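Chemist: Enclosed is the structure file target29.cif (mmCIF, C-alpha atoms and all ligand atoms).
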data_data
#
loop_
_atom_site.group_PDB
_atom_site.id
_atom_site.type_symbol
_atom_site.label_atom_id
_atom_site.label_comp_id
_atom_site.auth_asym_id
_atom_site.auth_seq_id
_atom_site.Cartn_x
_atom_site.Cartn_y
_atom_site.Cartn_z
ATOM 1 C CA MET A 1 -18.950 5.760 -43.388
ATOM 2 C CA SER A 2 -16.869 4.488 -40.529
ATOM 3 C CA GLU A 3 -15.248 1.055 -40.789
ATOM 4 C CA TYR A 4 -16.334 0.234 -37.242
ATOM 5 C CA PRO A 5 -19.682 0.579 -35.470
ATOM 6 C CA ILE A 6 -20.022 4.077 -34.021
ATOM 7 C CA HIS A 7 -21.104 2.780 -30.634
ATOM 8 C CA ILE A 8 -20.914 -0.401 -28.593
ATOM 9 C CA GLU A 9 -22.456 -1.333 -25.263
ATOM 10 C CA VAL A 10 -19.504 -2.049 -22.994
ATOM 11 C CA LEU A 11 -21.576 -2.783 -19.871
ATOM 12 C CA PRO A 12 -25.353 -2.811 -19.415
ATOM 13 C CA LYS A 13 -26.556 0.773 -20.087
ATOM 14 C CA VAL A 14 -23.001 1.964 -20.737
ATOM 15 C CA HIS A 15 -22.260 2.791 -24.361
ATOM 16 C CA LEU A 16 -18.906 3.694 -25.792
ATOM 17 C CA VAL A 17 -19.400 6.346 -28.463
ATOM 18 C CA ARG A 18 -16.321 5.986 -30.588
ATOM 19 C CA GLY A 19 -14.468 8.888 -32.061
ATOM 20 C CA LYS A 20 -13.780 9.112 -35.763
ATOM 21 C CA ASN A 21 -10.310 8.377 -37.110
ATOM 22 C CA GLY A 22 -9.880 5.462 -34.690
ATOM 23 C CA ALA A 23 -10.602 7.903 -31.837
ATOM 24 C CA GLY A 24 -7.181 9.493 -32.309
ATOM 25 C CA PHE A 25 -6.715 13.207 -31.536
ATOM 26 C CA PRO A 26 -8.477 15.550 -32.404
ATOM 27 C CA GLU A 27 -11.253 13.066 -31.619
ATOM 28 C CA ALA A 28 -11.758 11.150 -28.384
ATOM 29 C CA ASN A 29 -14.325 8.622 -27.224
ATOM 30 C CA THR A 30 -17.354 9.557 -25.163
ATOM 31 C CA LEU A 31 -19.362 7.384 -22.809
ATOM 32 C CA LEU A 32 -23.125 7.535 -22.878
ATOM 33 C CA ILE A 33 -24.855 6.157 -19.798
ATOM 34 C CA ASP A 34 -28.361 5.336 -20.964
ATOM 35 C CA ASP A 35 -29.833 5.124 -17.486
ATOM 36 C CA GLU A 36 -32.346 7.048 -15.371
ATOM 37 C CA ILE A 37 -30.147 10.123 -15.677
ATOM 38 C CA LEU A 38 -29.005 10.226 -19.279
ATOM 39 C CA THR A 39 -25.347 11.065 -18.831
ATOM 40 C CA LEU A 40 -22.441 11.793 -21.148
ATOM 41 C CA VAL A 41 -18.893 11.379 -19.933
ATOM 42 C CA ASP A 42 -16.831 13.782 -22.057
ATOM 43 C CA ALA A 43 -18.028 15.378 -25.240
ATOM 44 C CA GLY A 44 -15.131 15.329 -27.659
ATOM 45 C CA THR A 45 -16.478 12.771 -30.100
ATOM 46 C CA SER A 46 -17.841 14.386 -33.251
ATOM 47 C CA MET A 47 -21.408 15.620 -32.852
ATOM 48 C CA GLU A 48 -22.415 13.341 -35.703
ATOM 49 C CA ASN A 49 -21.377 10.248 -33.723
ATOM 50 C CA ILE A 50 -22.975 11.497 -30.515
ATOM 51 C CA THR A 51 -26.304 12.306 -32.165
ATOM 52 C CA ARG A 52 -26.284 9.060 -34.167
ATOM 53 C CA THR A 53 -25.782 7.051 -30.976
ATOM 54 C CA LEU A 54 -28.528 8.933 -29.169
ATOM 55 C CA ARG A 55 -30.899 8.354 -32.075
ATOM 56 C CA ASP A 56 -30.069 4.639 -32.222
ATOM 57 C CA LEU A 57 -30.951 4.381 -28.526
ATOM 58 C CA GLY A 58 -34.216 6.279 -28.956
ATOM 59 C CA HIS A 59 -33.049 9.629 -27.612
ATOM 60 C CA GLU A 60 -32.223 13.041 -28.901
ATOM 61 C CA LEU A 61 -29.678 15.633 -27.901
ATOM 62 C CA SER A 62 -32.170 17.553 -25.774
ATOM 63 C CA ASP A 63 -32.708 14.442 -23.585
ATOM 64 C CA ILE A 64 -29.206 14.623 -22.102
ATOM 65 C CA GLU A 65 -29.412 15.471 -18.429
ATOM 66 C CA ARG A 66 -25.790 15.592 -17.387
ATOM 67 C CA ILE A 67 -22.326 15.934 -18.842
ATOM 68 C CA ILE A 68 -19.363 14.819 -16.753
ATOM 69 C CA LEU A 69 -15.955 16.027 -17.908
ATOM 70 C CA THR A 70 -12.790 14.041 -17.218
ATOM 71 C CA HIS A 71 -10.459 17.039 -17.717
ATOM 72 C CA PHE A 72 -10.242 20.379 -19.497
ATOM 73 C CA HIS A 73 -8.630 19.243 -22.757
ATOM 74 C CA ILE A 74 -10.222 20.362 -26.021
ATOM 75 C CA ASP A 75 -10.757 16.816 -27.268
ATOM 76 C CA HIS A 76 -12.652 15.997 -24.043
ATOM 77 C CA LYS A 77 -14.684 19.063 -23.088
ATOM 78 C CA GLY A 78 -15.268 19.412 -26.825
ATOM 79 C CA TYR A 79 -18.918 19.953 -27.684
ATOM 80 C CA ALA A 80 -20.145 20.093 -24.067
ATOM 81 C CA ALA A 81 -21.145 23.765 -24.303
ATOM 82 C CA ILE A 82 -23.110 23.171 -27.505
ATOM 83 C CA ILE A 83 -24.834 20.101 -26.078
ATOM 84 C CA GLN A 84 -25.640 21.944 -22.862
ATOM 85 C CA ARG A 85 -27.309 24.734 -24.835
ATOM 86 C CA ALA A 86 -29.458 22.162 -26.652
ATOM 87 C CA ALA A 87 -30.266 20.093 -23.559
ATOM 88 C CA ASP A 88 -30.151 22.626 -20.716
ATOM 89 C CA CYS A 89 -28.285 19.993 -18.720
ATOM 90 C CA GLU A 90 -25.852 19.859 -15.821
ATOM 91 C CA MET A 91 -22.144 20.060 -16.558
ATOM 92 C CA ILE A 92 -19.826 18.821 -13.835
ATOM 93 C CA CYS A 93 -16.069 18.400 -13.526
ATOM 94 C CA HIS A 94 -13.307 18.035 -10.929
ATOM 95 C CA PRO A 95 -12.820 21.239 -8.893
ATOM 96 C CA LEU A 96 -9.333 21.585 -10.404
ATOM 97 C CA ALA A 97 -10.792 21.365 -13.915
ATOM 98 C CA GLU A 98 -13.114 24.323 -13.491
ATOM 99 C CA LYS A 99 -10.637 27.005 -14.509
ATOM 100 C CA GLY A 100 -9.589 25.160 -17.674
ATOM 101 C CA VAL A 101 -13.126 24.222 -18.621
ATOM 102 C CA ARG A 102 -15.003 27.454 -17.912
ATOM 103 C CA THR A 103 -13.197 29.941 -20.106
ATOM 104 C CA PHE A 104 -10.921 29.908 -23.098
ATOM 105 C CA GLN A 105 -8.372 32.029 -21.242
ATOM 106 C CA GLY A 106 -8.395 29.627 -18.296
ATOM 107 C CA MET A 107 -7.706 26.813 -20.725
ATOM 108 C CA VAL A 108 -4.899 28.750 -22.425
ATOM 109 C CA ASP A 109 -3.335 29.260 -18.981
ATOM 110 C CA TYR A 110 -3.554 25.562 -18.199
ATOM 111 C CA TYR A 111 -2.039 24.676 -21.573
ATOM 112 C CA GLY A 112 0.675 27.216 -20.805
ATOM 113 C CA MET A 113 0.732 28.349 -24.403
ATOM 114 C CA GLU A 114 0.837 32.088 -23.896
ATOM 115 C CA GLY A 115 4.290 33.536 -24.423
ATOM 116 C CA ARG A 116 5.383 30.410 -26.297
ATOM 117 C CA ARG A 117 6.843 30.765 -29.773
ATOM 118 C CA GLN A 118 4.170 28.440 -31.164
ATOM 119 C CA TYR A 119 1.252 30.359 -29.638
ATOM 120 C CA ASP A 120 0.107 31.892 -32.941
ATOM 121 C CA VAL A 121 0.298 28.565 -34.778
ATOM 122 C CA TRP A 122 -1.673 26.955 -31.966
ATOM 123 C CA ARG A 123 -4.321 29.678 -32.095
ATOM 124 C CA VAL A 124 -4.735 29.212 -35.850
ATOM 125 C CA PHE A 125 -5.154 25.474 -35.269
ATOM 126 C CA ILE A 126 -7.755 26.072 -32.543
ATOM 127 C CA ASN A 127 -9.647 28.606 -34.657
ATOM 128 C CA THR A 128 -9.681 26.291 -37.664
ATOM 129 C CA SER A 129 -10.357 22.922 -36.030
ATOM 130 C CA PHE A 130 -11.736 23.733 -32.592
ATOM 131 C CA GLY A 131 -13.912 26.816 -33.045
ATOM 132 C CA HIS A 132 -16.406 25.194 -30.660
ATOM 133 C CA VAL A 133 -14.062 25.544 -27.643
ATOM 134 C CA LEU A 134 -13.586 29.316 -27.936
ATOM 135 C CA GLY A 135 -16.636 30.278 -25.883
ATOM 136 C CA ASP A 136 -17.438 29.894 -22.199
ATOM 137 C CA TYR A 137 -18.609 26.646 -20.638
ATOM 138 C CA ASN A 138 -21.265 26.834 -17.961
ATOM 139 C CA VAL A 139 -19.973 24.426 -15.305
ATOM 140 C CA THR A 140 -22.908 23.826 -12.980
ATOM 141 C CA GLY A 141 -21.117 21.791 -10.319
ATOM 142 C CA THR A 142 -18.166 19.646 -9.362
ATOM 143 C CA PHE A 143 -17.723 16.026 -8.378
ATOM 144 C CA GLU A 144 -15.699 14.743 -5.470
ATOM 145 C CA ASP A 145 -12.880 12.250 -5.784
ATOM 146 C CA GLY A 146 -14.114 8.787 -4.776
ATOM 147 C CA LYS A 147 -17.721 9.845 -4.212
ATOM 148 C CA PRO A 148 -19.972 7.856 -6.543
ATOM 149 C CA ILE A 149 -22.123 9.660 -9.084
ATOM 150 C CA SER A 150 -25.372 7.792 -9.511
ATOM 151 C CA CYS A 151 -26.964 7.611 -12.940
ATOM 152 C CA GLY A 152 -29.721 5.277 -11.716
ATOM 153 C CA GLN A 153 -28.566 1.683 -11.817
ATOM 154 C CA THR A 154 -25.099 2.729 -12.908
ATOM 155 C CA ASP A 155 -22.611 4.323 -10.519
ATOM 156 C CA LEU A 156 -19.515 6.189 -11.652
ATOM 157 C CA PHE A 157 -16.617 6.429 -9.197
ATOM 158 C CA PRO A 158 -14.319 9.408 -9.870
ATOM 159 C CA ILE A 159 -10.630 8.559 -9.437
ATOM 160 C CA HIS A 160 -8.510 11.700 -9.527
ATOM 161 C CA LEU A 161 -5.330 10.603 -11.312
ATOM 162 C CA PRO A 162 -3.274 13.701 -12.133
ATOM 163 C CA GLY A 163 -0.150 13.898 -14.253
ATOM 164 C CA HIS A 164 -1.482 14.029 -17.788
ATOM 165 C CA THR A 165 -3.062 17.223 -16.455
ATOM 166 C CA LEU A 166 -3.656 18.353 -12.884
ATOM 167 C CA ASP A 167 -7.394 17.629 -13.067
ATOM 168 C CA HIS A 168 -7.258 14.339 -14.999
ATOM 169 C CA THR A 169 -9.902 12.006 -13.573
ATOM 170 C CA CYS A 170 -10.662 8.410 -14.466
ATOM 171 C CA PHE A 171 -13.938 6.681 -13.593
ATOM 172 C CA GLY A 172 -14.638 3.266 -12.175
ATOM 173 C CA ILE A 173 -17.899 1.990 -13.565
ATOM 174 C CA ASN A 174 -19.999 0.148 -10.947
ATOM 175 C CA GLY A 175 -16.848 -0.425 -8.913
ATOM 176 C CA TYR A 176 -13.276 -0.636 -10.039
ATOM 177 C CA GLU A 177 -13.213 -3.701 -12.282
ATOM 178 C CA THR A 178 -13.920 -1.579 -15.308
ATOM 179 C CA ILE A 179 -12.179 1.774 -15.419
ATOM 180 C CA LEU A 180 -12.500 4.566 -17.923
ATOM 181 C CA LEU A 181 -8.788 5.289 -18.209
ATOM 182 C CA VAL A 182 -9.281 8.479 -20.225
ATOM 183 C CA ASP A 183 -5.795 9.677 -21.285
ATOM 184 C CA ILE A 184 -3.875 6.920 -19.606
ATOM 185 C CA ASP A 185 -4.829 5.945 -23.082
ATOM 186 C CA LEU A 186 -2.594 2.935 -23.793
ATOM 187 C CA THR A 187 -1.803 4.178 -27.301
ATOM 188 C CA SER A 188 1.571 3.447 -28.871
ATOM 189 C CA PHE A 189 2.548 7.098 -28.394
ATOM 190 C CA GLY A 190 2.766 6.605 -24.635
ATOM 191 C CA PRO A 191 2.000 9.099 -21.881
ATOM 192 C CA TRP A 192 1.395 12.712 -22.875
ATOM 193 C CA TYR A 193 2.345 15.488 -20.453
ATOM 194 C CA GLY A 194 2.857 18.504 -22.678
ATOM 195 C CA ASN A 195 1.061 21.211 -20.691
ATOM 196 C CA GLU A 196 1.980 23.678 -17.999
ATOM 197 C CA VAL A 197 -0.249 21.699 -15.635
ATOM 198 C CA SER A 198 1.184 18.271 -16.517
ATOM 199 C CA ASP A 199 3.626 16.430 -14.262
ATOM 200 C CA ILE A 200 5.717 13.313 -14.898
ATOM 201 C CA GLU A 201 5.977 12.203 -11.274
ATOM 202 C CA ASP A 202 2.236 12.616 -10.695
ATOM 203 C CA PHE A 203 1.571 10.684 -13.887
ATOM 204 C CA ARG A 204 3.813 7.822 -12.705
ATOM 205 C CA ARG A 205 2.121 7.722 -9.305
ATOM 206 C CA SER A 206 -1.297 7.751 -10.957
ATOM 207 C CA MET A 207 -0.287 4.826 -13.131
ATOM 208 C CA GLU A 208 1.013 2.917 -10.128
ATOM 209 C CA ARG A 209 -2.361 3.463 -8.488
ATOM 210 C CA VAL A 210 -4.212 2.101 -11.511
ATOM 211 C CA ILE A 211 -1.918 -0.936 -11.666
ATOM 212 C CA GLU A 212 -2.551 -1.555 -7.955
ATOM 213 C CA MET A 213 -6.296 -1.375 -8.515
ATOM 214 C CA ASN A 214 -5.820 -4.235 -10.966
ATOM 215 C CA PRO A 215 -8.837 -3.523 -13.203
ATOM 216 C CA ARG A 216 -10.055 -6.215 -15.571
ATOM 217 C CA THR A 217 -11.105 -3.791 -18.287
ATOM 218 C CA GLY A 218 -9.651 -0.437 -19.210
ATOM 219 C CA ILE A 219 -11.480 1.925 -21.515
ATOM 220 C CA SER A 220 -9.161 4.357 -23.266
ATOM 221 C CA SER A 221 -10.366 7.656 -24.670
ATOM 222 C CA HIS A 222 -8.263 7.086 -27.777
ATOM 223 C CA LEU A 223 -8.682 3.394 -28.628
ATOM 224 C CA ILE A 224 -11.918 2.175 -30.177
ATOM 225 C CA ASP A 225 -12.018 -1.043 -28.137
ATOM 226 C CA PRO A 226 -11.828 -1.483 -24.370
ATOM 227 C CA VAL A 227 -8.683 -3.321 -23.338
ATOM 228 C CA THR A 228 -9.335 -6.565 -21.483
ATOM 229 C CA GLU A 229 -6.494 -8.801 -22.552
ATOM 230 C CA ASP A 230 -3.151 -8.250 -20.867
ATOM 231 C CA LEU A 231 -4.323 -4.992 -19.341
ATOM 232 C CA ASP A 232 -1.741 -5.137 -16.561
ATOM 233 C CA MET A 233 1.014 -5.724 -19.115
ATOM 234 C CA ARG A 234 -0.276 -2.912 -21.316
ATOM 235 C CA LEU A 235 -0.320 -0.505 -18.374
ATOM 236 C CA ARG A 236 3.230 -1.444 -17.403
ATOM 237 C CA ALA A 237 4.439 -1.084 -21.000
ATOM 238 C CA PHE A 238 2.797 2.345 -21.193
ATOM 239 C CA MET A 239 4.520 3.356 -17.990
ATOM 240 C CA ARG A 240 7.929 2.172 -19.218
ATOM 241 C CA VAL A 241 7.808 4.874 -21.874
ATOM 242 C CA PHE A 242 8.743 7.472 -19.224
ATOM 243 C CA GLY A 243 12.038 5.680 -18.660
ATOM 244 C CA GLU A 244 12.680 5.163 -22.375
ATOM 245 C CA ARG A 245 12.233 8.879 -22.976
ATOM 246 C CA GLU A 246 14.433 9.742 -20.041
ATOM 247 C CA ARG A 247 17.173 7.546 -21.503
ATOM 248 C CA ARG A 248 16.805 9.272 -24.888
ATOM 249 C CA VAL A 249 17.206 12.645 -23.194
ATOM 250 C CA LEU A 250 20.355 11.432 -21.433
ATOM 251 C CA ASP A 251 21.729 9.893 -24.659
ATOM 252 C CA ASN A 252 21.068 13.190 -26.412
ATOM 253 C CA ILE A 253 22.984 15.122 -23.804
ATOM 254 C CA ALA A 254 25.850 12.624 -23.867
ATOM 255 C CA SER A 255 26.112 13.012 -27.631
ATOM 256 C CA GLY A 256 26.159 16.802 -27.581
ATOM 257 C CA VAL A 257 22.462 17.392 -28.239
ATOM 258 C CA ASP A 258 22.599 19.359 -25.048
ATOM 259 C CA THR A 259 19.815 21.932 -25.170
ATOM 260 C CA ILE A 260 16.046 21.530 -25.175
ATOM 261 C CA GLU A 261 15.958 23.451 -28.440
ATOM 262 C CA LYS A 262 18.280 20.960 -30.172
ATOM 263 C CA MET A 263 16.472 17.972 -28.685
ATOM 264 C CA SER A 264 13.124 19.266 -29.869
ATOM 265 C CA LEU A 265 14.375 19.210 -33.449
ATOM 266 C CA LYS A 266 15.469 15.580 -33.380
ATOM 267 C CA PRO A 267 12.664 15.008 -32.111
ATOM 268 C CA THR A 268 12.985 13.084 -28.848
ATOM 269 C CA ILE A 269 9.431 12.484 -27.620
ATOM 270 C CA TYR A 270 7.367 12.584 -30.814
ATOM 271 C CA ARG A 271 8.545 10.250 -33.537
ATOM 272 C CA ARG A 272 8.385 13.035 -36.057
ATOM 273 C CA ILE A 273 7.341 16.625 -35.912
ATOM 274 C CA PRO A 274 4.783 17.212 -38.635
ATOM 275 C CA MET A 275 3.762 20.689 -37.538
ATOM 276 C CA GLU A 276 5.382 23.502 -35.627
ATOM 277 C CA LEU A 277 2.361 23.242 -33.336
ATOM 278 C CA TYR A 278 3.535 19.956 -31.848
ATOM 279 C CA ARG A 279 6.943 21.373 -31.117
ATOM 280 C CA ALA A 280 5.428 23.337 -28.270
ATOM 281 C CA PHE A 281 4.313 20.069 -26.672
ATOM 282 C CA GLU A 282 7.612 18.373 -27.480
ATOM 283 C CA MET A 283 9.418 21.184 -25.679
ATOM 284 C CA PHE A 284 7.097 21.113 -22.686
ATOM 285 C CA MET A 285 7.693 17.396 -22.249
ATOM 286 C CA LEU A 286 11.455 17.774 -22.702
ATOM 287 C CA GLU A 287 11.495 20.561 -20.128
ATOM 288 C CA LYS A 288 9.742 18.312 -17.648
ATOM 289 C CA HIS A 289 12.284 15.537 -18.178
ATOM 290 C CA VAL A 290 15.184 17.970 -17.843
ATOM 291 C CA GLU A 291 13.715 19.456 -14.676
ATOM 292 C CA LEU A 292 13.267 16.002 -13.185
ATOM 293 C CA LEU A 293 16.771 14.847 -14.184
ATOM 294 C CA LYS A 294 18.216 17.943 -12.536
ATOM 295 C CA LYS A 295 16.189 17.216 -9.413
ATOM 296 C CA LYS A 296 17.558 13.655 -9.374
ATOM 297 C CA GLY A 297 21.077 15.067 -9.709
ATOM 298 C CA LYS A 298 21.682 13.248 -12.985
ATOM 299 C CA ILE A 299 22.323 16.350 -15.064
ATOM 300 C CA ILE A 300 23.422 19.909 -14.534
ATOM 301 C CA GLU A 301 23.186 23.007 -16.671
ATOM 302 C CA GLU A 302 26.226 25.174 -17.409
ATOM 303 C CA ASP A 303 26.133 28.248 -19.649
ATOM 304 C CA GLY A 304 22.872 27.077 -21.169
ATOM 305 C CA HIS A 305 24.206 23.591 -21.949
ATOM 306 C CA LEU A 306 23.137 20.405 -20.229
ATOM 307 C CA LYS A 307 25.772 18.040 -18.910
ATOM 308 C CA ILE A 308 25.627 14.537 -17.535
ATOM 309 C CA GLU A 309 26.490 14.439 -13.860
ATOM 310 C CA ARG A 310 25.887 10.730 -13.354
ATOM 311 C CA ARG A 311 23.777 8.078 -15.067
HETATM 312 ZN ZN ZN A 401 -6.079 14.953 -22.385
#
Would it be possible to restate this file's structure as structure tokens?
Ligand SMILES: [Zn+2]

Modeler:
Amino acid sequence: MSEYPIHIEVLPKVHLVRGKNGAGFPEANTLLIDDEILTLVDAGTSMENITRTLRDLGHELSDIERIILTHFHIDHKGYAAIIQRAADCEMICHPLAEKGVRTFQGMVDYYGMEGRRQYDVWRVFINTSFGHVLGDYNVTGTFEDGKPISCGQTDLFPIHLPGHTLDHTCFGINGYETILLVDIDLTSFGPWYGNEVSDIEDFRRSMERVIEMNPRTGISSHLIDPVTEDLDMRLRAFMRVFGERERRVLDNIASGVDTIEKMSLKPTIYRRIPMELYRAFEMFMLEKHVELLKKKGKIIEEDGHLKIERR
């Protein structure tokens, strides 16, 4: 039994289906729009919580008419293929998400895991905990950035905000006062950009855009409650983490921890490294910082060692 209600109505007809374990990875929240077109946004919440919510609202799985995916990640596309088989529904995503959603191989390419030392560990993890993402997903269409998706009385406005991944899309709900922030998730971990198709500068720009939009409510995929208080401050604090990490990378280099390999063992991004699996992501994120610092002319690489050029 969960210590919090499985679902809450965040706006009329818009229900937040909360993930287990405080919606932390490997779970994520899902939105259920109980409107003329019964719509799910993401499908990474456990099936138990999705079906319970549907039942509480007088529906069943087969009633779902549309699944909208925010990006290709396993904790977001999740059970979409299973639900689609039960409901024979539409499944739509951003055009850039298609490759990562449709096939397992496409997703592996987007993660950038192939050829990585941790690939086998990652595959074991996927096989054990995410067997449901191994098959194909039948994407039936795509949405267009900024073009509202009508669910009846509820309109969803796709806002393509890349960085976390190249396809990462948030959704304004009936305008832009309430935004589903997806993996601009406002958790204490900070921004996550540990894939081949992640980008720090895009992520920063996306966050600047959200801050400019000045939403009143932000719904995170990994927090059980929408954030209304101090949202602007929370967004800015989340964004500051990029700089804090960059400083840690520079401090590392200055103190002789001058390769990505060494930094990944400290660790620098994650607070601790519980599993070899996460080291792949740690290294991806470190590589992105190093690449960016080189581009800014702050560091150089000599004989495989990083050196401070200027701070
Ligand atoms: Zn994600």

Chemist: Which residues are close to range 156-159 of chain A, i.e. within 9 Å by only C-alpha atoms, leaving aside same-chain residues fewer than 4 positions away? Reply as a ChimeraX atom specification.

Modeler: /A:70,94,143-151,168-176,179

Chemist: Identify, counting all atoms listed in the file, the protein, DNA and RNA residues located within 12 Å of ligand ZN 401 (chain A), and give them as a PyMOL selection string.

Modeler: chain A and resi 24-29+42+44+69-78+97+100+110-111+161-170+181-185+191-195+197-198+220-222

Chemist: With C-alpha atoms retained, write the just-selected residues as a PDB file, in the frame of the given file.

Modeler:
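The result, written out as again.pdb:
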ATOM      1  CA  GLY A  24      -7.181   9.493 -32.309  1.00  0.00           C
ATOM      2  CA  PHE A  25      -6.715  13.207 -31.536  1.00  0.00           C
ATOM      3  CA  PRO A  26      -8.477  15.550 -32.404  1.00  0.00           C
ATOM      4  CA  GLU A  27     -11.253  13.066 -31.619  1.00  0.00           C
ATOM      5  CA  ALA A  28     -11.758  11.150 -28.384  1.00  0.00           C
ATOM      6  CA  ASN A  29     -14.325   8.622 -27.224  1.00  0.00           C
ATOM      7  CA  ASP A  42     -16.831  13.782 -22.057  1.00  0.00           C
ATOM      8  CA  GLY A  44     -15.131  15.329 -27.659  1.00  0.00           C
ATOM      9  CA  LEU A  69     -15.955  16.027 -17.908  1.00  0.00           C
ATOM     10  CA  THR A  70     -12.790  14.041 -17.218  1.00  0.00           C
ATOM     11  CA  HIS A  71     -10.459  17.039 -17.717  1.00  0.00           C
ATOM     12  CA  PHE A  72     -10.242  20.379 -19.497  1.00  0.00           C
ATOM     13  CA  HIS A  73      -8.630  19.243 -22.757  1.00  0.00           C
ATOM     14  CA  ILE A  74     -10.222  20.362 -26.021  1.00  0.00           C
ATOM     15  CA  ASP A  75     -10.757  16.816 -27.268  1.00  0.00           C
ATOM     16  CA  HIS A  76     -12.652  15.997 -24.043  1.00  0.00           C
ATOM     17  CA  LYS A  77     -14.684  19.063 -23.088  1.00  0.00           C
ATOM     18  CA  GLY A  78     -15.268  19.412 -26.825  1.00  0.00           C
ATOM     19  CA  ALA A  97     -10.792  21.365 -13.915  1.00  0.00           C
ATOM     20  CA  GLY A 100      -9.589  25.160 -17.674  1.00  0.00           C
ATOM     21  CA  TYR A 110      -3.554  25.562 -18.199  1.00  0.00           C
ATOM     22  CA  TYR A 111      -2.039  24.676 -21.573  1.00  0.00           C
ATOM     23  CA  LEU A 161      -5.330  10.603 -11.312  1.00  0.00           C
ATOM     24  CA  PRO A 162      -3.274  13.701 -12.133  1.00  0.00           C
ATOM     25  CA  GLY A 163      -0.150  13.898 -14.253  1.00  0.00           C
ATOM     26  CA  HIS A 164      -1.482  14.029 -17.788  1.00  0.00           C
ATOM     27  CA  THR A 165      -3.062  17.223 -16.455  1.00  0.00           C
ATOM     28  CA  LEU A 166      -3.656  18.353 -12.884  1.00  0.00           C
ATOM     29  CA  ASP A 167      -7.394  17.629 -13.067  1.00  0.00           C
ATOM     30  CA  HIS A 168      -7.258  14.339 -14.999  1.00  0.00           C
ATOM     31  CA  THR A 169      -9.902  12.006 -13.573  1.00  0.00           C
ATOM     32  CA  CYS A 170     -10.662   8.410 -14.466  1.00  0.00           C
ATOM     33  CA  LEU A 181      -8.788   5.289 -18.209  1.00  0.00           C
ATOM     34  CA  VAL A 182      -9.281   8.479 -20.225  1.00  0.00           C
ATOM     35  CA  ASP A 183      -5.795   9.677 -21.285  1.00  0.00           C
ATOM     36  CA  ILE A 184      -3.875   6.920 -19.606  1.00  0.00           C
ATOM     37  CA  ASP A 185      -4.829   5.945 -23.082  1.00  0.00           C
ATOM     38  CA  PRO A 191       2.000   9.099 -21.881  1.00  0.00           C
ATOM     39  CA  TRP A 192       1.395  12.712 -22.875  1.00  0.00           C
ATOM     40  CA  TYR A 193       2.345  15.488 -20.453  1.00  0.00           C
ATOM     41  CA  GLY A 194       2.857  18.504 -22.678  1.00  0.00           C
ATOM     42  CA  ASN A 195       1.061  21.211 -20.691  1.00  0.00           C
ATOM     43  CA  VAL A 197      -0.249  21.699 -15.635  1.00  0.00           C
ATOM     44  CA  SER A 198       1.184  18.271 -16.517  1.00  0.00           C
ATOM     45  CA  SER A 220      -9.161   4.357 -23.266  1.00  0.00           C
ATOM     46  CA  SER A 221     -10.366   7.656 -24.670  1.00  0.00           C
ATOM     47  CA  HIS A 222      -8.263   7.086 -27.777  1.00  0.00           C
TER      48      HIS A 222
END

Chemist: State, in Å with one decimal place, the distance from CA of Ala280 in chain A to CA of Arg116 in chain A.

Modeler: 7.3 Å

Chemist: Could you tell me which residues the PyMOL selection byres (((chain A and resi 310) around 12) and not hetatm) grabs in this file, written as an mmCIF file with C-alpha atoms, in the coordinates of the input?

Modeler:
data_model
loop_
_atom_site.group_PDB
_atom_site.id
_atom_site.type_symbol
_atom_site.label_atom_id
_atom_site.label_comp_id
_atom_site.auth_asym_id
_atom_site.auth_seq_id
_atom_site.Cartn_x
_atom_site.Cartn_y
_atom_site.Cartn_z
ATOM 1 C CA LEU A 250 20.355 11.432 -21.433
ATOM 2 C CA ILE A 253 22.984 15.122 -23.804
ATOM 3 C CA ALA A 254 25.850 12.624 -23.867
ATOM 4 C CA LEU A 293 16.771 14.847 -14.184
ATOM 5 C CA LYS A 294 18.216 17.943 -12.536
ATOM 6 C CA LYS A 296 17.558 13.655 -9.374
ATOM 7 C CA GLY A 297 21.077 15.067 -9.709
ATOM 8 C CA LYS A 298 21.682 13.248 -12.985
ATOM 9 C CA ILE A 299 22.323 16.350 -15.064
ATOM 10 C CA ILE A 300 23.422 19.909 -14.534
ATOM 11 C CA LYS A 307 25.772 18.040 -18.910
ATOM 12 C CA ILE A 308 25.627 14.537 -17.535
ATOM 13 C CA GLU A 309 26.490 14.439 -13.860
ATOM 14 C CA ARG A 311 23.777 8.078 -15.067
#

Chemist: Rank nothing, just name the residue among A:Val241, A:Ala80, A:Leu180, A:Cys89 nearest to Gly218 in chain A, using only C-alpha atoms.

Modeler: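 Looking at the shortest contact to Gly218 in chain A, the residue is A:Leu180.
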
Chemist: For this structure, which residues satisfy the selection - the PyMOL selection byres (((chain A and resi 227-239) around 8) and not hetatm) - when it is evaluated on the file as given? I want them as an mmCIF file with C-alpha atoms, in the coordinates of the input.

Modeler:
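Written out: expr13.cif:
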data_model
loop_
_atom_site.group_PDB
_atom_site.id
_atom_site.type_symbol
_atom_site.label_atom_id
_atom_site.label_comp_id
_atom_site.auth_asym_id
_atom_site.auth_seq_id
_atom_site.Cartn_x
_atom_site.Cartn_y
_atom_site.Cartn_z
ATOM 1 C CA LEU A 186 -2.594 2.935 -23.793
ATOM 2 C CA THR A 187 -1.803 4.178 -27.301
ATOM 3 C CA SER A 188 1.571 3.447 -28.871
ATOM 4 C CA GLY A 190 2.766 6.605 -24.635
ATOM 5 C CA PRO A 191 2.000 9.099 -21.881
ATOM 6 C CA ARG A 204 3.813 7.822 -12.705
ATOM 7 C CA MET A 207 -0.287 4.826 -13.131
ATOM 8 C CA ILE A 211 -1.918 -0.936 -11.666
ATOM 9 C CA ASN A 214 -5.820 -4.235 -10.966
ATOM 10 C CA PRO A 215 -8.837 -3.523 -13.203
ATOM 11 C CA ARG A 216 -10.055 -6.215 -15.571
ATOM 12 C CA THR A 217 -11.105 -3.791 -18.287
ATOM 13 C CA GLY A 218 -9.651 -0.437 -19.210
ATOM 14 C CA ILE A 219 -11.480 1.925 -21.515
ATOM 15 C CA SER A 220 -9.161 4.357 -23.266
ATOM 16 C CA ASP A 225 -12.018 -1.043 -28.137
ATOM 17 C CA PRO A 226 -11.828 -1.483 -24.370
ATOM 18 C CA ARG A 240 7.929 2.172 -19.218
ATOM 19 C CA VAL A 241 7.808 4.874 -21.874
ATOM 20 C CA PHE A 242 8.743 7.472 -19.224
ATOM 21 C CA GLY A 243 12.038 5.680 -18.660
#
